[in-house]
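Next up, data_35.cif (mmCIF, C-alpha atoms):
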```
data_my_file
#
loop_
_atom_site.label_atom_id
_atom_site.label_comp_id
_atom_site.auth_asym_id
_atom_site.auth_seq_id
_atom_site.Cartn_x
_atom_site.Cartn_y
_atom_site.Cartn_z
CA MET A 1 126.37 109.69 96.23
CA SER A 2 123.78 107.72 94.28
CA GLU A 3 121.90 108.99 91.25
CA ILE A 4 118.92 111.26 91.89
CA HIS A 5 116.09 111.63 89.37
CA THR A 6 112.96 113.77 89.81
CA GLY A 7 109.79 114.26 87.85
CA GLY A 8 106.07 114.55 87.98
CA CYS A 9 102.83 115.07 86.14
CA GLN A 10 101.88 117.98 83.91
CA CYS A 11 99.82 119.86 86.51
CA GLY A 12 102.22 119.40 89.46
CA ALA A 13 99.77 117.52 91.69
CA ILE A 14 102.16 114.55 91.70
CA ARG A 15 105.94 114.67 92.03
CA PHE A 16 108.44 111.85 92.52
CA ARG A 17 112.08 111.34 93.45
CA ILE A 18 114.13 108.30 92.53
CA GLU A 19 117.35 107.56 94.39
CA GLY A 20 119.63 105.03 92.73
CA GLU A 21 120.38 103.67 89.31
CA LEU A 22 117.54 103.38 86.83
CA GLY A 23 116.84 100.09 85.10
CA THR A 24 116.31 99.38 81.41
CA ALA A 25 114.75 102.15 79.34
CA SER A 26 112.39 100.84 76.69
CA ILE A 27 109.57 101.57 74.32
CA CYS A 28 106.51 99.31 74.35
CA HIS A 29 104.37 99.11 71.23
CA CYS A 30 101.65 96.79 72.57
CA ARG A 31 98.07 97.98 72.15
CA MET A 32 97.54 98.19 75.91
CA CYS A 33 100.47 100.62 76.28
CA GLN A 34 99.28 102.63 73.27
CA LYS A 35 95.88 103.08 74.92
CA ALA A 36 97.35 103.78 78.39
CA PHE A 37 99.51 106.59 77.01
CA GLY A 38 97.11 107.76 74.31
CA ALA A 39 100.16 107.61 72.07
CA LEU A 40 101.90 105.60 69.36
CA TYR A 41 103.97 103.76 72.00
CA ALA A 42 104.93 103.98 75.68
CA PRO A 43 108.45 105.06 76.67
CA LEU A 44 109.23 103.59 80.11
CA VAL A 45 112.21 103.06 82.40
CA GLY A 46 112.38 100.34 85.02
CA ILE A 47 113.08 100.90 88.69
CA ARG A 48 115.66 98.45 90.03
CA GLY A 49 115.02 96.55 93.24
CA ASP A 50 117.58 98.53 95.26
CA THR A 51 116.42 101.87 93.84
CA LYS A 52 114.11 103.97 96.00
CA LEU A 53 110.99 105.60 94.49
CA VAL A 54 109.32 108.22 96.70
CA TRP A 55 106.16 110.16 95.87
CA THR A 56 107.08 113.62 97.18
CA ARG A 57 103.75 115.30 96.33
CA GLY A 58 100.53 113.36 95.91
CA GLU A 59 100.32 109.80 94.68
CA PRO A 60 99.04 108.33 91.43
CA LYS A 61 95.57 106.94 91.01
CA ARG A 62 95.67 103.50 89.47
CA PHE A 63 93.76 101.63 86.80
CA GLN A 64 94.02 97.83 86.77
CA SER A 65 94.56 97.46 83.01
CA SER A 66 94.82 93.67 83.23
CA ASN A 67 94.80 90.93 85.83
CA GLN A 68 98.57 91.48 86.21
CA VAL A 69 99.28 95.18 85.63
CA ALA A 70 98.12 98.48 87.16
CA ARG A 71 98.75 101.82 85.45
CA GLY A 72 99.43 104.86 87.62
CA PHE A 73 98.31 108.30 86.44
CA CYS A 74 97.56 111.75 87.81
CA GLY A 75 93.91 111.97 88.80
CA GLU A 76 93.96 115.74 88.19
CA CYS A 77 95.53 116.08 84.73
CA GLY A 78 95.67 112.49 83.48
CA THR A 79 99.43 112.27 82.90
CA PRO A 80 100.49 108.59 82.57
CA LEU A 81 103.10 107.84 85.25
CA THR A 82 103.63 104.15 86.01
CA TYR A 83 103.44 100.57 84.83
CA GLU A 84 103.19 98.32 87.90
CA ALA A 85 103.41 94.53 87.66
CA PRO A 86 103.53 92.00 90.52
CA GLY A 87 106.53 92.11 92.83
CA ASP A 88 108.88 95.03 92.43
CA ASP A 89 108.35 95.36 88.66
CA THR A 90 107.61 99.08 88.34
CA ALA A 91 108.45 101.36 85.44
CA ILE A 92 108.04 105.12 85.17
CA ALA A 93 107.02 107.07 82.06
CA ILE A 94 110.19 108.63 80.64
CA GLY A 95 108.34 111.80 79.62
CA ALA A 96 107.38 112.43 83.26
CA PHE A 97 111.03 112.93 84.31
CA ASP A 98 112.38 116.46 84.67
CA GLU A 99 115.32 115.47 82.44
CA PRO A 100 113.86 112.93 79.97
CA ALA A 101 116.69 113.46 77.46
CA GLU A 102 119.00 111.63 79.91
CA ILE A 103 116.98 108.39 79.58
CA ALA A 104 117.38 106.90 76.10
CA PRO A 105 115.46 103.70 75.34
CA ILE A 106 117.68 100.75 74.42
CA ILE A 107 115.04 98.12 73.51
CA GLN A 108 111.55 97.92 72.02
CA TYR A 109 108.91 95.52 73.30
CA GLY A 110 105.53 94.46 71.94
CA VAL A 111 106.67 95.00 68.38
CA GLU A 112 103.78 92.86 67.09
CA GLY A 113 101.57 95.89 67.89
CA LYS A 114 103.96 98.43 66.38
CA LEU A 115 102.22 100.91 64.11
CA PRO A 116 103.92 100.58 60.71
CA PHE A 117 104.58 104.30 60.17
CA THR A 118 106.61 104.73 63.37
CA ASP A 119 109.73 103.46 61.57
CA LYS A 120 109.43 106.34 59.11
CA MET A 121 108.82 109.21 61.54
CA SER A 122 112.21 110.76 60.83
CA GLU A 123 111.10 111.16 57.20
CA ILE A 124 108.04 113.28 58.11
CA PRO A 125 108.65 116.99 57.41
CA ALA A 126 109.47 118.89 60.60
CA ARG A 127 109.41 122.51 61.70
CA ARG A 128 109.89 124.45 64.91
CA THR A 129 106.81 125.77 66.74
CA GLU A 130 107.66 129.41 66.03
CA GLU A 131 107.84 128.67 62.28
CA ASP A 132 104.05 128.10 62.15
CA SER A 133 103.08 131.61 61.00
CA GLU A 134 99.39 130.65 60.60
CA THR A 135 99.05 130.14 64.35
CA ALA A 136 101.52 132.80 65.57
CA VAL A 137 98.86 134.98 67.23
CA PHE A 138 97.32 131.98 68.98
CA LEU A 139 100.71 130.66 70.12
CA ALA A 140 101.72 134.09 71.47
CA SER A 141 98.55 134.19 73.58
CA ILE A 142 99.27 130.93 75.42
CA VAL A 143 99.99 131.15 79.15
CA SER A 144 101.18 127.74 80.35
CA ASN A 145 99.74 126.15 83.48
CA GLN A 146 102.21 123.29 83.22
CA HIS A 147 104.39 122.56 86.23
CA PRO A 148 108.08 123.43 85.59
CA ASP A 149 110.67 120.68 85.22
CA HIS A 150 111.94 120.99 88.79
CA ASP A 151 110.59 120.65 92.32
CA THR A 152 108.61 123.55 93.78
CA GLU A 153 107.52 124.32 97.33
CA ALA A 154 103.89 124.52 96.27
CA TRP A 155 101.92 124.34 93.04
CA PRO A 156 100.11 126.09 91.55
CA PRO A 157 101.71 129.36 92.60
CA VAL A 158 99.62 131.62 94.80
CA GLN A 159 98.30 134.66 92.88
CA GLY A 160 99.85 137.93 94.08
CA ASP A 161 103.16 136.37 95.23
#
```

Show the structure stored in the file as structure tokens.
Amino acid sequence: MSEIHTGGCQCGAIRFRIEGELGTASICHCRMCQKAFGALYAPLVGIRGDTKLVWTRGEPKRFQSSNQVARGFCGECGTPLTYEAPGDDTAIAIGAFDEPAEIAPIIQYGVEGKLPFTDKMSEIPARRTEEDSETAVFLASIVSNQHPDHDTEAWPPVQGD
């Protein structure tokens, strides 16, 4: 049996299934990827030519970010989902997968746009969410509307079920 990978956007309006081996996992530091992801860099994994990508719920809206590349995203919640170049050159945002920890980047692209502090991120002090005592009451009040990291029959759930 071939590999199966699933994922989707934050709100659950879009879900995907990938059947087959994933391509190269990378991080892109170019300014266009930074803007598309609203982040310091874009973690992406390629879809190989013989690998099947199926949108199982909804389909991304697309923004033509250049004359060569379209960016797919959820039109409901804005989650970045794809990088689509001519031909079969499609990559999926690693963070959109249900199991992103399984997809480790092995190369960095666009390093001329790399923000200089990203090399020192492991030196920044870190703490777990629950250690932030100043925001404990606020954090305890949060009820997540985020889609779970697995397929569901329908989303959002129907109230009263």

Output, as JSON, the centre and edge lengths in Å (one decimal) of the axis-aligned box that contains all listed atoms of region 3-7 of chain A with 6 Å of margin on each side.
```
{"center_x": 115.8, "center_y": 111.6, "center_z": 89.9, "size_x": 24.1, "size_y": 17.3, "size_z": 16.0}
```

(request) Kindly provide, as JSON, numbers by chain, the polymer residues lying within 7 Å of (117.9, 103.5, 90.1), counting only C-alpha atoms and using the coordinates exactly as they appear in the file. (result) {"A": [3, 18, 19, 20, 21, 22, 23, 47, 48, 51]}

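Of the listed residues A:Ala85, A:Leu44, A:Leu115, A:Ile92, the one whose atoms come nearest to Ser65 (chain A) is A:Ala85, with distances taken using all atoms listed in the file.
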
(request) Measuring atom to atom with all atoms listed in the file, identify which of A:Gly8, A:Gly75, A:Gly95, A:Gly113 is nearest to Lys35 (chain A). (result)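 Among the listed residues, the smallest separation from Lys35 (chain A) belongs to A:Gly113.
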
(message) What does the structure give for the distance between CA of Asp89 (chain A) and CA of Gly72 (chain A), in Å to one decimal?
(response)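 Here the two named atoms are 13.1 Å from each other.
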
(request) Scan for residues within 8 Å of the point (112.8, 112.9, 87.7) in the coordinates of the file, using all atoms listed in the file, and reply as a ChimeraX atom specification. (result) /A:4-8,16-18,96-100

Would you output that residue set with C-alpha atoms, as a compact mmCIF listing (two decimals), in the frame of the given file?
```
# COMPACT_ATOMS: atom_id res chain seq x y z
CA ILE A 4 118.92 111.26 91.89
CA HIS A 5 116.09 111.63 89.37
CA THR A 6 112.96 113.77 89.81
CA GLY A 7 109.79 114.26 87.85
CA GLY A 8 106.07 114.55 87.98
CA PHE A 16 108.44 111.85 92.52
CA ARG A 17 112.08 111.34 93.45
CA ILE A 18 114.13 108.30 92.53
CA ALA A 96 107.38 112.43 83.26
CA PHE A 97 111.03 112.93 84.31
CA ASP A 98 112.38 116.46 84.67
CA GLU A 99 115.32 115.47 82.44
CA PRO A 100 113.86 112.93 79.97
```

(message) For the provided coordinates, the residues matched by the PyMOL selection byres ((chain A and resi 25) around 9) should be stated as a list in words.
(response) Leu22, Gly23, Thr24, Ser26, Ile27, Pro43, Leu44, Val45, Gly46, Ala91, Ile94, Ile103, Ala104, Pro105, Ile106 and Ile107 of chain A

Selected residues written out, C-alpha atoms, as a tab-separated table (two decimals), in the coordinates of the input:
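Wrote selection_11.tsv, looks like this:
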```tsv
chain	number	residue	atom	x	y	z
A	22	LEU	CA	117.54	103.38	86.83
A	23	GLY	CA	116.84	100.09	85.10
A	24	THR	CA	116.31	99.38	81.41
A	26	SER	CA	112.39	100.84	76.69
A	27	ILE	CA	109.57	101.57	74.32
A	43	PRO	CA	108.45	105.06	76.67
A	44	LEU	CA	109.23	103.59	80.11
A	45	VAL	CA	112.21	103.06	82.40
A	46	GLY	CA	112.38	100.34	85.02
A	91	ALA	CA	108.45	101.36	85.44
A	94	ILE	CA	110.19	108.63	80.64
A	103	ILE	CA	116.98	108.39	79.58
A	104	ALA	CA	117.38	106.90	76.10
A	105	PRO	CA	115.46	103.70	75.34
A	106	ILE	CA	117.68	100.75	74.42
A	107	ILE	CA	115.04	98.12	73.51
```

(request) Could you check which of A:Thr118, A:Thr82, A:Ser133, A:Gln108 is closest to Arg62 (chain A), using only C-alpha atoms? (result) A:Thr82

(request) Calculate how many Å separate CA of Leu81 (chain A) from CA of Pro60 (chain A), rounding to one decimal. (result)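 Computing it gives 7.4 Å between the two atoms.
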
(request) Figure out the distance between CA of Pro80 (chain A) and CA of Gly58 (chain A), please, to one decimal in Å. (result)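 Between CA of Gly58 (chain A) and CA of Pro80 (chain A) the gap is 14.2 Å.
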
(request) Evaluate the PyMOL selection byres ((chain A and resi 114) around 10) and record the selected residues as a list in words, following the chain and residue labels used in the document. (result) Cys28, His29, Cys30, Arg31, Gln34, Leu40, Tyr41, Gln108, Tyr109, Gly110, Val111, Glu112, Gly113, Leu115, Pro116, Phe117, Thr118 and Asp119 of chain A

(request) Using all atoms listed in the file, find the one residue out of A:Cys33, A:Cys74, A:Ala93, A:Val69 that sits nearest to Ile14 (chain A). (result) A:Cys74

(message) Just checking: using all atoms listed in the file, which residue out of A:Ala154, A:Leu139, A:Glu59, A:Ala39 ends up closest to Glu76 (chain A)?
(response) A:Glu59

(request) Taking the file as shown, find all residues satisfying the PyMOL selection byres ((chain A and resi 141-148) around 9) and write them as a PyMOL selection string. (result) chain A and resi 8-13+98+136-140+149-152+155-156

For region 48-79 of chain A, where the input has fewer atoms than it should, I would like N, CA and C atoms rebuilt and written as a PDB file, in the frame of the given file.
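What ended up in selection-v1.pdb:
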```pdb
ATOM      1  N   ARG A  48     114.972  99.641  89.508  1.00  0.00           N
ATOM      2  CA  ARG A  48     115.660  98.450  90.030  1.00  0.00           C
ATOM      3  C   ARG A  48     115.261  98.185  91.475  1.00  0.00           C
ATOM      4  N   GLY A  49     115.418  96.959  91.901  1.00  0.00           N
ATOM      5  CA  GLY A  49     115.020  96.550  93.240  1.00  0.00           C
ATOM      6  C   GLY A  49     115.642  97.358  94.363  1.00  0.00           C
ATOM      7  N   ASP A  50     116.897  97.784  94.198  1.00  0.00           N
ATOM      8  CA  ASP A  50     117.580  98.530  95.260  1.00  0.00           C
ATOM      9  C   ASP A  50     117.420 100.043  95.083  1.00  0.00           C
ATOM     10  N   THR A  51     116.666 100.453  94.095  1.00  0.00           N
ATOM     11  CA  THR A  51     116.420 101.870  93.840  1.00  0.00           C
ATOM     12  C   THR A  51     115.174 102.303  94.586  1.00  0.00           C
ATOM     13  N   LYS A  52     115.206 103.495  95.161  1.00  0.00           N
ATOM     14  CA  LYS A  52     114.110 103.970  96.000  1.00  0.00           C
ATOM     15  C   LYS A  52     113.254 104.987  95.238  1.00  0.00           C
ATOM     16  N   LEU A  53     111.961 104.693  95.086  1.00  0.00           N
ATOM     17  CA  LEU A  53     110.990 105.600  94.490  1.00  0.00           C
ATOM     18  C   LEU A  53     110.135 106.187  95.598  1.00  0.00           C
ATOM     19  N   VAL A  54     110.105 107.523  95.686  1.00  0.00           N
ATOM     20  CA  VAL A  54     109.320 108.220  96.700  1.00  0.00           C
ATOM     21  C   VAL A  54     108.384 109.203  96.004  1.00  0.00           C
ATOM     22  N   TRP A  55     107.115 109.168  96.365  1.00  0.00           N
ATOM     23  CA  TRP A  55     106.160 110.160  95.870  1.00  0.00           C
ATOM     24  C   TRP A  55     106.266 111.352  96.807  1.00  0.00           C
ATOM     25  N   THR A  56     106.816 112.460  96.327  1.00  0.00           N
ATOM     26  CA  THR A  56     107.080 113.620  97.180  1.00  0.00           C
ATOM     27  C   THR A  56     105.905 114.597  97.237  1.00  0.00           C
ATOM     28  N   ARG A  57     104.996 114.511  96.298  1.00  0.00           N
ATOM     29  CA  ARG A  57     103.750 115.300  96.330  1.00  0.00           C
ATOM     30  C   ARG A  57     102.669 114.451  95.683  1.00  0.00           C
ATOM     31  N   GLY A  58     101.627 114.175  96.435  1.00  0.00           N
ATOM     32  CA  GLY A  58     100.530 113.360  95.910  1.00  0.00           C
ATOM     33  C   GLY A  58     100.956 111.935  95.634  1.00  0.00           C
ATOM     34  N   GLU A  59     100.051 111.174  95.082  1.00  0.00           N
ATOM     35  CA  GLU A  59     100.320 109.800  94.680  1.00  0.00           C
ATOM     36  C   GLU A  59      99.396 109.456  93.530  1.00  0.00           C
ATOM     37  N   PRO A  60      99.872 108.638  92.592  1.00  0.00           N
ATOM     38  CA  PRO A  60      99.040 108.330  91.430  1.00  0.00           C
ATOM     39  C   PRO A  60      97.761 107.586  91.797  1.00  0.00           C
ATOM     40  N   LYS A  61      96.728 107.826  91.012  1.00  0.00           N
ATOM     41  CA  LYS A  61      95.570 106.940  91.010  1.00  0.00           C
ATOM     42  C   LYS A  61      95.970 105.787  90.119  1.00  0.00           C
ATOM     43  N   ARG A  62      95.283 104.669  90.255  1.00  0.00           N
ATOM     44  CA  ARG A  62      95.670 103.500  89.470  1.00  0.00           C
ATOM     45  C   ARG A  62      94.476 102.878  88.771  1.00  0.00           C
ATOM     46  N   PHE A  63      94.737 102.383  87.572  1.00  0.00           N
ATOM     47  CA  PHE A  63      93.760 101.630  86.800  1.00  0.00           C
ATOM     48  C   PHE A  63      94.328 100.239  86.584  1.00  0.00           C
ATOM     49  N   GLN A  64      93.583  99.216  86.956  1.00  0.00           N
ATOM     50  CA  GLN A  64      94.020  97.830  86.770  1.00  0.00           C
ATOM     51  C   GLN A  64      93.748  97.464  85.311  1.00  0.00           C
ATOM     52  N   SER A  65      94.754  97.647  84.446  1.00  0.00           N
ATOM     53  CA  SER A  65      94.560  97.460  83.010  1.00  0.00           C
ATOM     54  C   SER A  65      94.499  95.997  82.591  1.00  0.00           C
ATOM     55  N   SER A  66      94.930  95.112  83.463  1.00  0.00           N
ATOM     56  CA  SER A  66      94.820  93.670  83.230  1.00  0.00           C
ATOM     57  C   SER A  66      94.829  92.974  84.577  1.00  0.00           C
ATOM     58  N   ASN A  67      94.743  91.664  84.558  1.00  0.00           N
ATOM     59  CA  ASN A  67      94.800  90.930  85.830  1.00  0.00           C
ATOM     60  C   ASN A  67      96.187  91.010  86.457  1.00  0.00           C
ATOM     61  N   GLN A  68      97.203  91.450  85.715  1.00  0.00           N
ATOM     62  CA  GLN A  68      98.570  91.480  86.210  1.00  0.00           C
ATOM     63  C   GLN A  68      99.145  92.888  86.394  1.00  0.00           C
ATOM     64  N   VAL A  69      98.620  93.872  85.677  1.00  0.00           N
ATOM     65  CA  VAL A  69      99.280  95.180  85.630  1.00  0.00           C
ATOM     66  C   VAL A  69      98.332  96.316  86.012  1.00  0.00           C
ATOM     67  N   ALA A  70      98.838  97.232  86.843  1.00  0.00           N
ATOM     68  CA  ALA A  70      98.120  98.480  87.160  1.00  0.00           C
ATOM     69  C   ALA A  70      98.890  99.619  86.510  1.00  0.00           C
ATOM     70  N   ARG A  71      98.154 100.623  86.070  1.00  0.00           N
ATOM     71  CA  ARG A  71      98.750 101.820  85.450  1.00  0.00           C
ATOM     72  C   ARG A  71      98.496 102.997  86.373  1.00  0.00           C
ATOM     73  N   GLY A  72      99.555 103.685  86.773  1.00  0.00           N
ATOM     74  CA  GLY A  72      99.430 104.860  87.620  1.00  0.00           C
ATOM     75  C   GLY A  72      99.344 106.117  86.764  1.00  0.00           C
ATOM     76  N   PHE A  73      98.500 107.049  87.177  1.00  0.00           N
ATOM     77  CA  PHE A  73      98.310 108.300  86.440  1.00  0.00           C
ATOM     78  C   PHE A  73      97.885 109.386  87.400  1.00  0.00           C
ATOM     79  N   CYS A  74      98.030 110.638  86.987  1.00  0.00           N
ATOM     80  CA  CYS A  74      97.560 111.750  87.810  1.00  0.00           C
ATOM     81  C   CYS A  74      96.054 111.856  87.674  1.00  0.00           C
ATOM     82  N   GLY A  75      95.361 111.849  88.796  1.00  0.00           N
ATOM     83  CA  GLY A  75      93.910 111.970  88.800  1.00  0.00           C
ATOM     84  C   GLY A  75      93.432 113.374  88.476  1.00  0.00           C
ATOM     85  N   GLU A  76      94.333 114.357  88.493  1.00  0.00           N
ATOM     86  CA  GLU A  76      93.960 115.740  88.190  1.00  0.00           C
ATOM     87  C   GLU A  76      94.123 116.068  86.706  1.00  0.00           C
ATOM     88  N   CYS A  77      95.266 115.711  86.121  1.00  0.00           N
ATOM     89  CA  CYS A  77      95.530 116.080  84.730  1.00  0.00           C
ATOM     90  C   CYS A  77      95.602 114.893  83.780  1.00  0.00           C
ATOM     91  N   GLY A  78      95.672 113.679  84.316  1.00  0.00           N
ATOM     92  CA  GLY A  78      95.670 112.490  83.480  1.00  0.00           C
ATOM     93  C   GLY A  78      97.024 112.017  82.983  1.00  0.00           C
ATOM     94  N   THR A  79      98.100 112.668  83.379  1.00  0.00           N
ATOM     95  CA  THR A  79      99.430 112.270  82.900  1.00  0.00           C
ATOM     96  C   THR A  79      99.717 110.810  83.250  1.00  0.00           C
TER      97      THR A  79
END
```
